[in-house]
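Undergrad: The structure is given below, and queries will be raised subsequently.
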Amino acid sequence: MKVSYLGTGAAEGIPALFCECDFCKRARAGKEMLRSRSQVVLDGELSIDFPPDAFYHNAVFGAELSKIKYLLVTHSHMDHFYAHDFILRGYKYARELAPISIFGNAEVLEVFEECTRRELREDIRSLIFLHELKAFEPVVFGDWRAVPLKAKHSSKDPFVFSIERGNKRILHLTDSGMLPEEDFIFLEKEKKSFDLITFDCTFLYDPVSESARHMGVYENEKIFTRLKEAGLVREDTKKVFTHFSHNSAPTKDKLIKAEKEFGAIAAYDGMTLEL
């Protein structure tokens, strides 16, 4: 399985759009890494989330978004689901596109209709299929299987995902605070180990409150330990940190420290892994 981390920043990106903090100033000056909003593409045909920076991912990293067949949406926040762009999937903007299936909670589907109703042509709409997801109810599309798990986030019924194709399996944990107990119970019953886990590392080394809707490295490690105790990870399971916020100043030195300390990979925009 090919896993492409096209966007690795939090909602505001790095540098943050309207921020003049020292870290964002350094990023604008080319002294810190730029980070666009969150998008991960699997095998070139399945996208996890679709941010307003999808155009950038296409132009800079060569992401062939016309070949995306399936879209799993974690939640309706704009940085993870920028539905407006789907009005461009046809007419004079694109040619001969295949159908796309979009999977998300009820709010995601409402946002799609709300954001596209003024400009979406019927001939484009006819090739977009919306599917409502429910927590813990597996969905199969093509030769993929995905299970929406509960996330701790502010959007109504947000999800994280367990995704598998063939003998490869990943766990995508963005956006979320510490996972609810229900997720661990479900995963333990499935009794399948993961080849890769993508962690929400918004706060990096900053303190995280009990009510937080994102995580940092210590919360990530707690979840990994719990999964290990349940036999759901192996020695070769990859850990990837992503979704970094400018507020935590993810400098190169901090990220190298996190990689060494936790045996993880700090994702960067355009990074691709092969499983």
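Chain labels run A, B, ... following the order of the structure tokens; each chain numbers its residues from 1, and ligands are numbered from 1 in the order shown.
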As a PyMOL selection string, please: every residue in region 17-245 of chain A that a backbone DSSP assignment puts in helix (DSSP H, G or I).

TA: chain A and resi 22-28+54-61+65-67+83-88+106-116+122-125+181-190+217-229

Undergrad: Compile the contact shell of Gly166 (chain A) as a short mmCIF file (atom, residue, chain, number, x, y, z; two decimals) with N, CA, C and O atoms, in the first residue's frame: residues with an atom at most 10 Å away, counting only C-alpha atoms, same-chain residues fewer than 5 positions apart removed.

TA:
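After the write, selection-v2.cif holds the following:
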```cif
data_model
loop_
_atom_site.label_atom_id
_atom_site.label_comp_id
_atom_site.auth_asym_id
_atom_site.auth_seq_id
_atom_site.Cartn_x
_atom_site.Cartn_y
_atom_site.Cartn_z
N MET A 1 0.85 -1.19 0.00
CA MET A 1 0.00 0.00 0.00
C MET A 1 0.88 1.24 0.00
O MET A 1 1.84 1.33 0.76
N ASP A 143 -12.04 -2.87 -3.44
CA ASP A 143 -11.44 -3.91 -2.60
C ASP A 143 -10.93 -3.33 -1.27
O ASP A 143 -10.01 -3.86 -0.65
N TRP A 144 -11.56 -2.24 -0.85
CA TRP A 144 -11.24 -1.61 0.41
C TRP A 144 -12.30 -1.94 1.45
O TRP A 144 -13.46 -2.16 1.14
N ARG A 145 -11.89 -1.93 2.71
CA ARG A 145 -12.82 -2.04 3.84
C ARG A 145 -12.43 -0.98 4.86
O ARG A 145 -11.25 -0.86 5.23
#
```

Undergrad: For Tyr93 (chain A), which residue among A:Ser245, A:Thr198, A:Asn167, A:Ser66 is the nearest when counting only C-alpha atoms?

TA: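 For Tyr93 (chain A), the nearest of the given residues is A:Ser66.
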
Undergrad: Find the spatial neighbours of region 224-238 of chain A, counting only C-alpha atoms, within a cut-off of 9 Å - ignore same-chain residues fewer than 4 positions away - and output them as a PyMOL selection string.

TA: chain A and resi 184+187-188+191-198+219-220+263-265

Undergrad: Excluding Lys150 (chain A) and residues on its chain fewer than 5 positions from it, collect all residues at most 7 Å away from it, counting only C-alpha atoms, and give them as a list in words.

TA: Ala135, Pro158, Phe159, Val160, Pro180 and Asp183 of chain A

Undergrad: Generate a file of the selected residues that holds N, CA and C atoms, formatted as an mmCIF file, in the first residue's frame.

TA:
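So the final result, stored in out-v9.cif, reads:
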```cif
data_model
loop_
_atom_site.group_PDB
_atom_site.id
_atom_site.type_symbol
_atom_site.label_atom_id
_atom_site.label_comp_id
_atom_site.auth_asym_id
_atom_site.auth_seq_id
_atom_site.Cartn_x
_atom_site.Cartn_y
_atom_site.Cartn_z
ATOM 1 N N ALA A 135 -20.854 4.994 13.237
ATOM 2 C CA ALA A 135 -19.733 4.457 13.997
ATOM 3 C C ALA A 135 -19.832 2.942 14.138
ATOM 4 N N PRO A 158 -17.800 12.918 14.877
ATOM 5 C CA PRO A 158 -16.559 12.836 14.098
ATOM 6 C C PRO A 158 -16.014 11.414 14.110
ATOM 7 N N PHE A 159 -15.231 11.087 13.085
ATOM 8 C CA PHE A 159 -14.691 9.739 12.972
ATOM 9 C C PHE A 159 -13.175 9.747 12.851
ATOM 10 N N VAL A 160 -12.574 8.642 13.286
ATOM 11 C CA VAL A 160 -11.256 8.217 12.846
ATOM 12 C C VAL A 160 -11.509 6.887 12.140
ATOM 13 N N PRO A 180 -12.134 7.175 22.774
ATOM 14 C CA PRO A 180 -13.072 6.610 23.749
ATOM 15 C C PRO A 180 -12.850 5.104 23.907
ATOM 16 N N ASP A 183 -13.794 2.436 21.174
ATOM 17 C CA ASP A 183 -12.913 2.152 20.031
ATOM 18 C C ASP A 183 -11.998 0.971 20.336
#
```

Undergrad: Would you please extract all strand (DSSP E or B) residues from region 98-274 of chain A, as assigned by DSSP on the backbone, and give them as an MDAnalysis selection string?

TA: chainID A and resid 100:104 128:132 139:141 144:150 159:165 168:173 194:200 204 216 233:242 244 265:266 271:274

Undergrad: Could the residues in this selection be saved with C-alpha atoms as a compact mmCIF listing (two decimals), in the first residue's frame?

TA:
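File written: again_32.txt
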```
# COMPACT_ATOMS: atom_id res chain seq x y z
CA ILE A 100 -16.49 9.43 -6.92
CA SER A 101 -18.01 8.09 -3.70
CA ILE A 102 -17.89 10.34 -0.63
CA PHE A 103 -18.32 8.75 2.80
CA GLY A 104 -18.99 10.78 5.94
CA ILE A 128 -20.90 12.13 -7.08
CA PHE A 129 -22.34 9.55 -4.68
CA LEU A 130 -22.81 10.37 -1.00
CA HIS A 131 -22.86 7.67 1.67
CA GLU A 132 -23.65 8.24 5.34
CA VAL A 139 -18.23 -0.13 4.72
CA VAL A 140 -16.80 -1.93 1.69
CA PHE A 141 -15.99 -0.17 -1.59
CA TRP A 144 -11.24 -1.61 0.41
CA ARG A 145 -12.82 -2.04 3.84
CA ALA A 146 -13.12 0.87 6.27
CA VAL A 147 -14.57 1.10 9.74
CA PRO A 148 -15.49 4.52 11.19
CA LEU A 149 -14.50 4.70 14.85
CA LYS A 150 -15.51 7.40 17.30
CA PHE A 159 -14.69 9.74 12.97
CA VAL A 160 -11.26 8.22 12.85
CA PHE A 161 -10.79 5.19 10.60
CA SER A 162 -9.49 1.65 10.45
CA ILE A 163 -8.77 0.97 6.77
CA GLU A 164 -7.61 -2.19 5.02
CA ARG A 165 -6.85 -3.43 1.55
CA LYS A 168 -2.43 -4.22 4.69
CA ARG A 169 -4.17 -2.33 7.46
CA ILE A 170 -3.83 1.22 8.78
CA LEU A 171 -5.34 3.19 11.65
CA HIS A 172 -5.94 6.87 10.96
CA LEU A 173 -6.36 8.92 14.16
CA PHE A 194 -1.98 -2.61 12.06
CA ASP A 195 0.85 -1.97 9.64
CA LEU A 196 0.74 1.80 10.19
CA ILE A 197 -0.88 4.23 12.63
CA THR A 198 -1.26 7.92 11.83
CA PHE A 199 -1.47 10.03 14.99
CA ASP A 200 -2.95 13.46 15.60
CA LEU A 204 3.51 18.00 19.94
CA GLY A 216 0.41 15.45 21.45
CA VAL A 233 0.54 -3.61 16.78
CA ARG A 234 3.73 -5.45 15.88
CA GLU A 235 7.43 -4.67 16.12
CA ASP A 236 7.36 -3.41 12.53
CA THR A 237 4.20 -1.30 12.89
CA LYS A 238 4.98 2.23 11.70
CA LYS A 239 4.01 5.25 13.80
CA VAL A 240 3.48 8.55 12.00
CA PHE A 241 2.96 11.93 13.68
CA THR A 242 1.06 14.56 11.69
CA PHE A 244 1.06 19.91 13.50
CA ILE A 265 8.13 9.29 11.75
CA ALA A 266 7.29 12.99 11.73
CA MET A 271 5.94 12.37 2.20
CA THR A 272 5.14 8.89 0.85
CA LEU A 273 5.52 5.54 2.60
CA GLU A 274 5.27 2.04 1.11
```

Undergrad: Considering only C-alpha atoms, can you say which of A:Gln39, A:Ser248, A:Thr74, A:Thr116 comes closest to Phe86 (chain A)?

TA: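 Once distances to Phe86 (chain A) are computed over only C-alpha atoms, the minimum belongs to A:Thr116.
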
Undergrad: For Glu119 (chain A), find every residue with an atom within 10 Å (counting only C-alpha atoms), except residues of its own chain fewer than 3 positions away, and show them as number ranges by chain.

TA: A: 84, 86-88, 115-116, 122
